[in-house]
>>> print(open('run-v1.txt').read())   # compact mmCIF, C-alpha atoms
# COMPACT_ATOMS: atom_id res chain seq x y z
CA MET T 959 -17.39 -23.59 -34.49
CA GLY T 960 -14.10 -22.20 -33.14
CA ARG T 961 -15.32 -18.62 -33.60
CA ARG T 962 -18.48 -19.27 -31.57
CA TYR T 963 -16.43 -20.78 -28.78
CA HIS T 964 -14.08 -17.77 -28.68
CA ARG T 965 -16.99 -15.35 -28.86
CA ARG T 966 -18.71 -17.20 -25.98
CA MET T 967 -15.49 -17.15 -23.94
CA LEU T 968 -15.11 -13.43 -24.64
CA LEU T 969 -18.68 -12.80 -23.43
CA HIS T 970 -17.96 -14.84 -20.26
CA ARG T 971 -14.83 -12.76 -19.61
CA ILE T 972 -16.74 -9.52 -20.13
CA PHE T 973 -19.50 -10.71 -17.80
CA ALA T 974 -16.94 -11.87 -15.17
CA THR T 975 -15.14 -8.52 -15.39
CA PHE T 976 -18.45 -6.67 -15.00
CA ALA T 977 -19.44 -8.84 -12.02
CA PHE T 978 -16.03 -8.24 -10.43
CA ALA T 979 -16.39 -4.46 -10.95
CA VAL T 980 -19.86 -4.51 -9.33
CA ALA T 981 -18.52 -6.52 -6.39
CA CYS T 982 -15.63 -4.09 -5.93
CA THR T 983 -18.07 -1.18 -5.98
CA MET T 984 -20.20 -2.85 -3.32
CA VAL T 985 -17.13 -3.47 -1.17
CA ALA T 986 -16.16 0.16 -1.58
CA VAL T 987 -19.64 1.19 -0.45
CA SER T 988 -19.81 -1.20 2.49
CA PRO T 989 -17.24 0.66 4.64
CA ALA T 990 -19.87 3.40 4.97
CA SER T 991 -22.06 0.91 6.79
CA ALA T 992 -19.01 -0.21 8.79
CA ARG T 993 -18.51 3.42 9.78
CA GLU T 994 -21.98 3.51 11.27
CA CYS T 995 -21.71 4.65 14.82
CA GLN T 996 -21.52 2.02 17.54
CA PRO T 997 -21.92 2.98 21.21
CA GLN T 998 -19.33 1.54 23.61
CA VAL T 999 -19.31 0.10 27.11
CA ARG T 1000 -16.09 1.10 28.89
CA ASP T 1001 -14.50 0.39 32.27
CA GLY T 1002 -17.18 -2.17 33.20
CA TRP T 1003 -16.85 -3.94 36.52
CA VAL T 1004 -18.99 -6.03 38.87
CA ARG T 1005 -18.66 -5.83 42.64
CA LEU T 1006 -18.13 -9.32 43.99
CA GLY T 1007 -20.42 -9.91 46.93
CA PRO T 1008 -20.16 -12.36 49.81
CA ALA T 1009 -20.37 -16.05 48.85
CA GLY T 1010 -23.96 -17.11 48.24
CA MET T 1011 -25.19 -13.54 47.75
CA PRO T 1012 -28.01 -13.64 45.19
CA MET T 1013 -27.36 -10.11 43.86
CA MET T 1014 -24.39 -8.15 42.57
CA ALA T 1015 -24.04 -4.67 41.13
CA GLY T 1016 -22.38 -3.65 37.85
CA PHE T 1017 -20.79 -0.31 37.04
CA GLY T 1018 -19.03 1.43 34.15
CA ARG T 1019 -19.61 3.92 31.35
CA ILE T 1020 -21.87 3.66 28.32
CA GLU T 1021 -20.68 6.13 25.69
CA ASN T 1022 -22.82 7.21 22.75
CA SER T 1023 -20.51 9.00 20.32
CA CYS T 1024 -23.20 8.81 17.65
CA ALA T 1025 -25.13 11.69 16.10
CA LYS T 1026 -28.44 10.12 17.20
CA PRO T 1027 -29.68 9.39 20.71
CA MET T 1028 -29.85 5.78 21.82
CA THR T 1029 -32.20 4.16 24.27
CA ILE T 1030 -31.42 1.05 26.29
CA THR T 1031 -34.59 -0.91 27.00
CA GLY T 1032 -33.18 -3.85 28.95
CA ALA T 1033 -30.19 -5.93 29.89
CA SER T 1034 -29.28 -9.59 30.17
CA SER T 1035 -26.25 -11.74 30.89
CA PRO T 1036 -25.59 -15.43 30.38
CA ALA T 1037 -23.89 -15.41 33.81
CA PHE T 1038 -27.04 -14.31 35.70
CA GLU T 1039 -30.69 -15.27 35.84
CA SER T 1040 -31.63 -11.63 35.27
CA ALA T 1041 -30.09 -8.19 34.83
CA GLN T 1042 -31.78 -4.81 35.17
CA LEU T 1043 -30.83 -1.17 35.15
CA HIS T 1044 -31.56 0.47 38.50
CA GLU T 1045 -31.15 3.89 40.01
CA THR T 1046 -30.59 4.85 43.64
CA ARG T 1047 -32.01 8.19 44.73
CA LEU T 1048 -32.27 9.99 48.02
CA VAL T 1049 -35.98 10.45 48.78
CA ASP T 1050 -37.04 12.07 52.06
CA GLY T 1051 -33.63 11.34 53.56
CA VAL T 1052 -33.76 7.65 52.57
CA ASN T 1053 -31.89 5.98 49.71
CA ARG T 1054 -34.42 4.29 47.47
CA MET T 1055 -33.66 2.03 44.55
CA ARG T 1056 -35.95 1.75 41.55
CA HIS T 1057 -35.90 -0.14 38.28
CA LEU T 1058 -35.21 1.98 35.17
CA PRO T 1059 -37.37 0.63 32.32
CA GLU T 1060 -35.23 2.54 29.81
CA LEU T 1061 -32.14 4.67 29.69
CA ARG T 1062 -31.83 7.34 27.00
CA ILE T 1063 -28.35 8.56 26.16
CA ALA T 1064 -28.10 11.78 24.15
CA PRO T 1065 -25.90 12.13 21.06
CA ASP T 1066 -22.26 12.39 22.17
CA GLY T 1067 -23.50 11.59 25.68
CA VAL T 1068 -22.40 9.26 28.43
CA ALA T 1069 -24.32 7.30 31.05
CA VAL T 1070 -22.21 6.59 34.12
CA LEU T 1071 -23.13 3.53 36.15
CA LYS T 1072 -21.66 4.06 39.63
CA PRO T 1073 -22.23 3.08 43.25
CA GLY T 1074 -25.00 5.17 44.78
CA GLY T 1075 -26.46 6.12 41.38
CA MET T 1076 -27.42 4.30 38.20
CA HIS T 1077 -26.16 0.73 38.15
CA LEU T 1078 -26.82 -2.78 36.92
CA MET T 1079 -28.53 -5.19 39.28
CA LEU T 1080 -27.28 -8.67 38.42
CA MET T 1081 -29.43 -11.28 40.12
CA GLN T 1082 -28.90 -14.96 40.83
CA PRO T 1083 -25.53 -15.87 39.32
CA HIS T 1084 -25.60 -19.22 37.53
CA ALA T 1085 -22.22 -20.17 39.01
CA PRO T 1086 -19.88 -18.72 41.64
CA LEU T 1087 -17.80 -15.85 40.27
CA LYS T 1088 -14.17 -15.17 41.08
CA ALA T 1089 -12.28 -11.89 41.21
CA GLY T 1090 -10.60 -11.25 37.88
CA SER T 1091 -13.14 -13.20 35.84
CA ARG T 1092 -15.18 -11.43 33.18
CA VAL T 1093 -18.91 -11.27 32.62
CA VAL T 1094 -20.67 -10.30 29.38
CA VAL T 1095 -23.74 -8.07 29.57
CA SER T 1096 -26.00 -7.46 26.59
CA PHE T 1097 -27.97 -4.21 26.53
CA GLN T 1098 -31.08 -4.29 24.35
CA LEU T 1099 -31.58 -1.16 22.25
CA ALA T 1100 -34.83 0.48 21.21
CA GLY T 1101 -35.52 -0.25 17.57
CA GLY T 1102 -33.66 -3.56 17.74
CA GLY T 1103 -30.05 -4.47 18.16
CA GLU T 1104 -27.87 -4.90 21.18
CA LEU T 1105 -24.78 -3.43 22.76
CA LEU T 1106 -22.35 -5.88 24.35
CA GLY T 1107 -20.16 -4.98 27.28
CA GLU T 1108 -17.53 -6.86 29.22
CA PHE T 1109 -17.41 -6.43 33.00
CA GLU T 1110 -14.51 -7.48 35.23
CA VAL T 1111 -15.43 -9.05 38.57
CA ARG T 1112 -13.66 -7.24 41.45
CA ARG T 1113 -13.47 -7.77 45.20
CA PRO T 1114 -14.82 -4.83 47.26
CA ASP T 1115 -11.44 -4.38 48.97
CA ALA T 1116 -9.75 -3.98 45.56
CA LEU T 1117 -11.83 -0.94 44.67
>>> encode(input="run-v1.txt", output="structure tokens")
Amino acid sequence: MGRRYHRRMLLHRIFATFAFAVACTMVAVSPASARECQPQVRDGWVRLGPAGMPMMAGFGRIENSCAKPMTITGASSPAFESAQLHETRLVDGVNRMRHLPELRIAPDGVAVLKPGGMHLMLMQPHAPLKAGSRVVVSFQLAGGGELLGEFEVRRPDAL
């Protein structure tokens, strides 16, 4: 009976060692998925409007250092009722703003959100915002997934 017990314990140790080796191999493989490219939102800021203003604009840089293009299909923020990408263009001598249903950023490309060009329209804040506070914006990506960005609220005179 003692031999069976020792044989069983030996088999359990062999199995545990094998399971540990498999787990270590999987951990060694998982950094490859961690190295998958992740676009970045940088230098994000929101222009603080007059008190009670139902709309604000957001600016910054969205950098795609990946080998594949990425497409943003929408935006949202828990701080606002709605968020959309917009673009201002000069048409027949008049600045016109239009909604951008999607924004494609080439591999190793950058989309610059700036006053007078592409920007975020942030509508109906849920609560009053203060200069220096931060707002999170989630960009929805084509094919699923999201890109989170943090935007600092700034007074217009501080720009």
>>> residues_near_point(input="run-v1.txt", point="(-26.4, -18.8, 36.9)", cutoff="9 Å", atoms="only C-alpha atoms", output="list of chain:residue names")
T:Pro1036, T:Ala1037, T:Phe1038, T:Glu1039, T:Met1081, T:Gln1082, T:Pro1083, T:His1084, T:Ala1085, T:Pro1086
>>> closest_residue(input="run-v1.txt", among="T:Leu1105, T:Ile1020, T:Leu1087, T:Val1094", to="T:Val1070", atoms="all atoms listed in the file")
T:Ile1020
>>> residues_around(input="run-v1.txt", residues="stretch 1003-1012 of chain T", least_positions_apart="6", cutoff="12 Å", atoms="all atoms listed in the file", output="JSON, numbers by chain")
{"T": [1018, 1019, 1037, 1038, 1039, 1040, 1041, 1071, 1072, 1073, 1077, 1078, 1079, 1080, 1081, 1082, 1083, 1084, 1085, 1086, 1087, 1088, 1089, 1090, 1091, 1092, 1093, 1094, 1095, 1107, 1108, 1109, 1110, 1111, 1112, 1113, 1114, 1115, 1116, 1117]}
>>> atom_distance(input="run-v1.txt", atom1="atom CA of T:Ile1063", atom2="atom CA of T:Glu1021")
8.1 Å
>>> residues_around(input="run-v1.txt", residues="T:Val1068", least_positions_apart="6", cutoff="12 Å", atoms="all atoms listed in the file", output="VMD selection string")
chain T and resid 997 to 1000 1018 to 1024 1027 to 1029 1061 to 1062
>>> write_last_selection(input="run-v1.txt", atoms="C-alpha atoms", output="PDB file, in the coordinates of the input")
ATOM      1  CA  PRO T 997     -21.920   2.980  21.210  1.00  0.00           C
ATOM      2  CA  GLN T 998     -19.330   1.540  23.610  1.00  0.00           C
ATOM      3  CA  VAL T 999     -19.310   0.100  27.110  1.00  0.00           C
ATOM      4  CA  ARG T1000     -16.090   1.100  28.890  1.00  0.00           C
ATOM      5  CA  GLY T1018     -19.030   1.430  34.150  1.00  0.00           C
ATOM      6  CA  ARG T1019     -19.610   3.920  31.350  1.00  0.00           C
ATOM      7  CA  ILE T1020     -21.870   3.660  28.320  1.00  0.00           C
ATOM      8  CA  GLU T1021     -20.680   6.130  25.690  1.00  0.00           C
ATOM      9  CA  ASN T1022     -22.820   7.210  22.750  1.00  0.00           C
ATOM     10  CA  SER T1023     -20.510   9.000  20.320  1.00  0.00           C
ATOM     11  CA  CYS T1024     -23.200   8.810  17.650  1.00  0.00           C
ATOM     12  CA  PRO T1027     -29.680   9.390  20.710  1.00  0.00           C
ATOM     13  CA  MET T1028     -29.850   5.780  21.820  1.00  0.00           C
ATOM     14  CA  THR T1029     -32.200   4.160  24.270  1.00  0.00           C
ATOM     15  CA  LEU T1061     -32.140   4.670  29.690  1.00  0.00           C
ATOM     16  CA  ARG T1062     -31.830   7.340  27.000  1.00  0.00           C
TER      17      ARG T1062
END
>>> atom_distance(input="run-v1.txt", atom1="atom CA of T:Gln1098", atom2="atom CA of T:Lys1026")
16.3 Å
>>> atom_distance(input="run-v1.txt", atom1="atom CA of T:Leu1043", atom2="atom CA of T:Asp1001")
16.7 Å
>>> closest_residue(input="run-v1.txt", among="T:Arg1047, T:Phe1017, T:Met1055, T:Ala1025", to="T:Ala1069", atoms="only C-alpha atoms")
T:Phe1017
>>> closest_residue(input="run-v1.txt", among="T:Gly1002, T:Glu1045, T:Ser1034, T:Glu994", to="T:Glu1104", atoms="all atoms listed in the file")
T:Ser1034
>>> closest_residue(input="run-v1.txt", among="T:Pro1059, T:Gly1075, T:Gly1067, T:Gly1051", to="T:Ala1033", atoms="only C-alpha atoms")
T:Pro1059
>>> closest_residue(input="run-v1.txt", among="T:Met1013, T:Ser1035, T:Ile1030, T:Gln996", to="T:Gly1102", atoms="only C-alpha atoms")
T:Ile1030
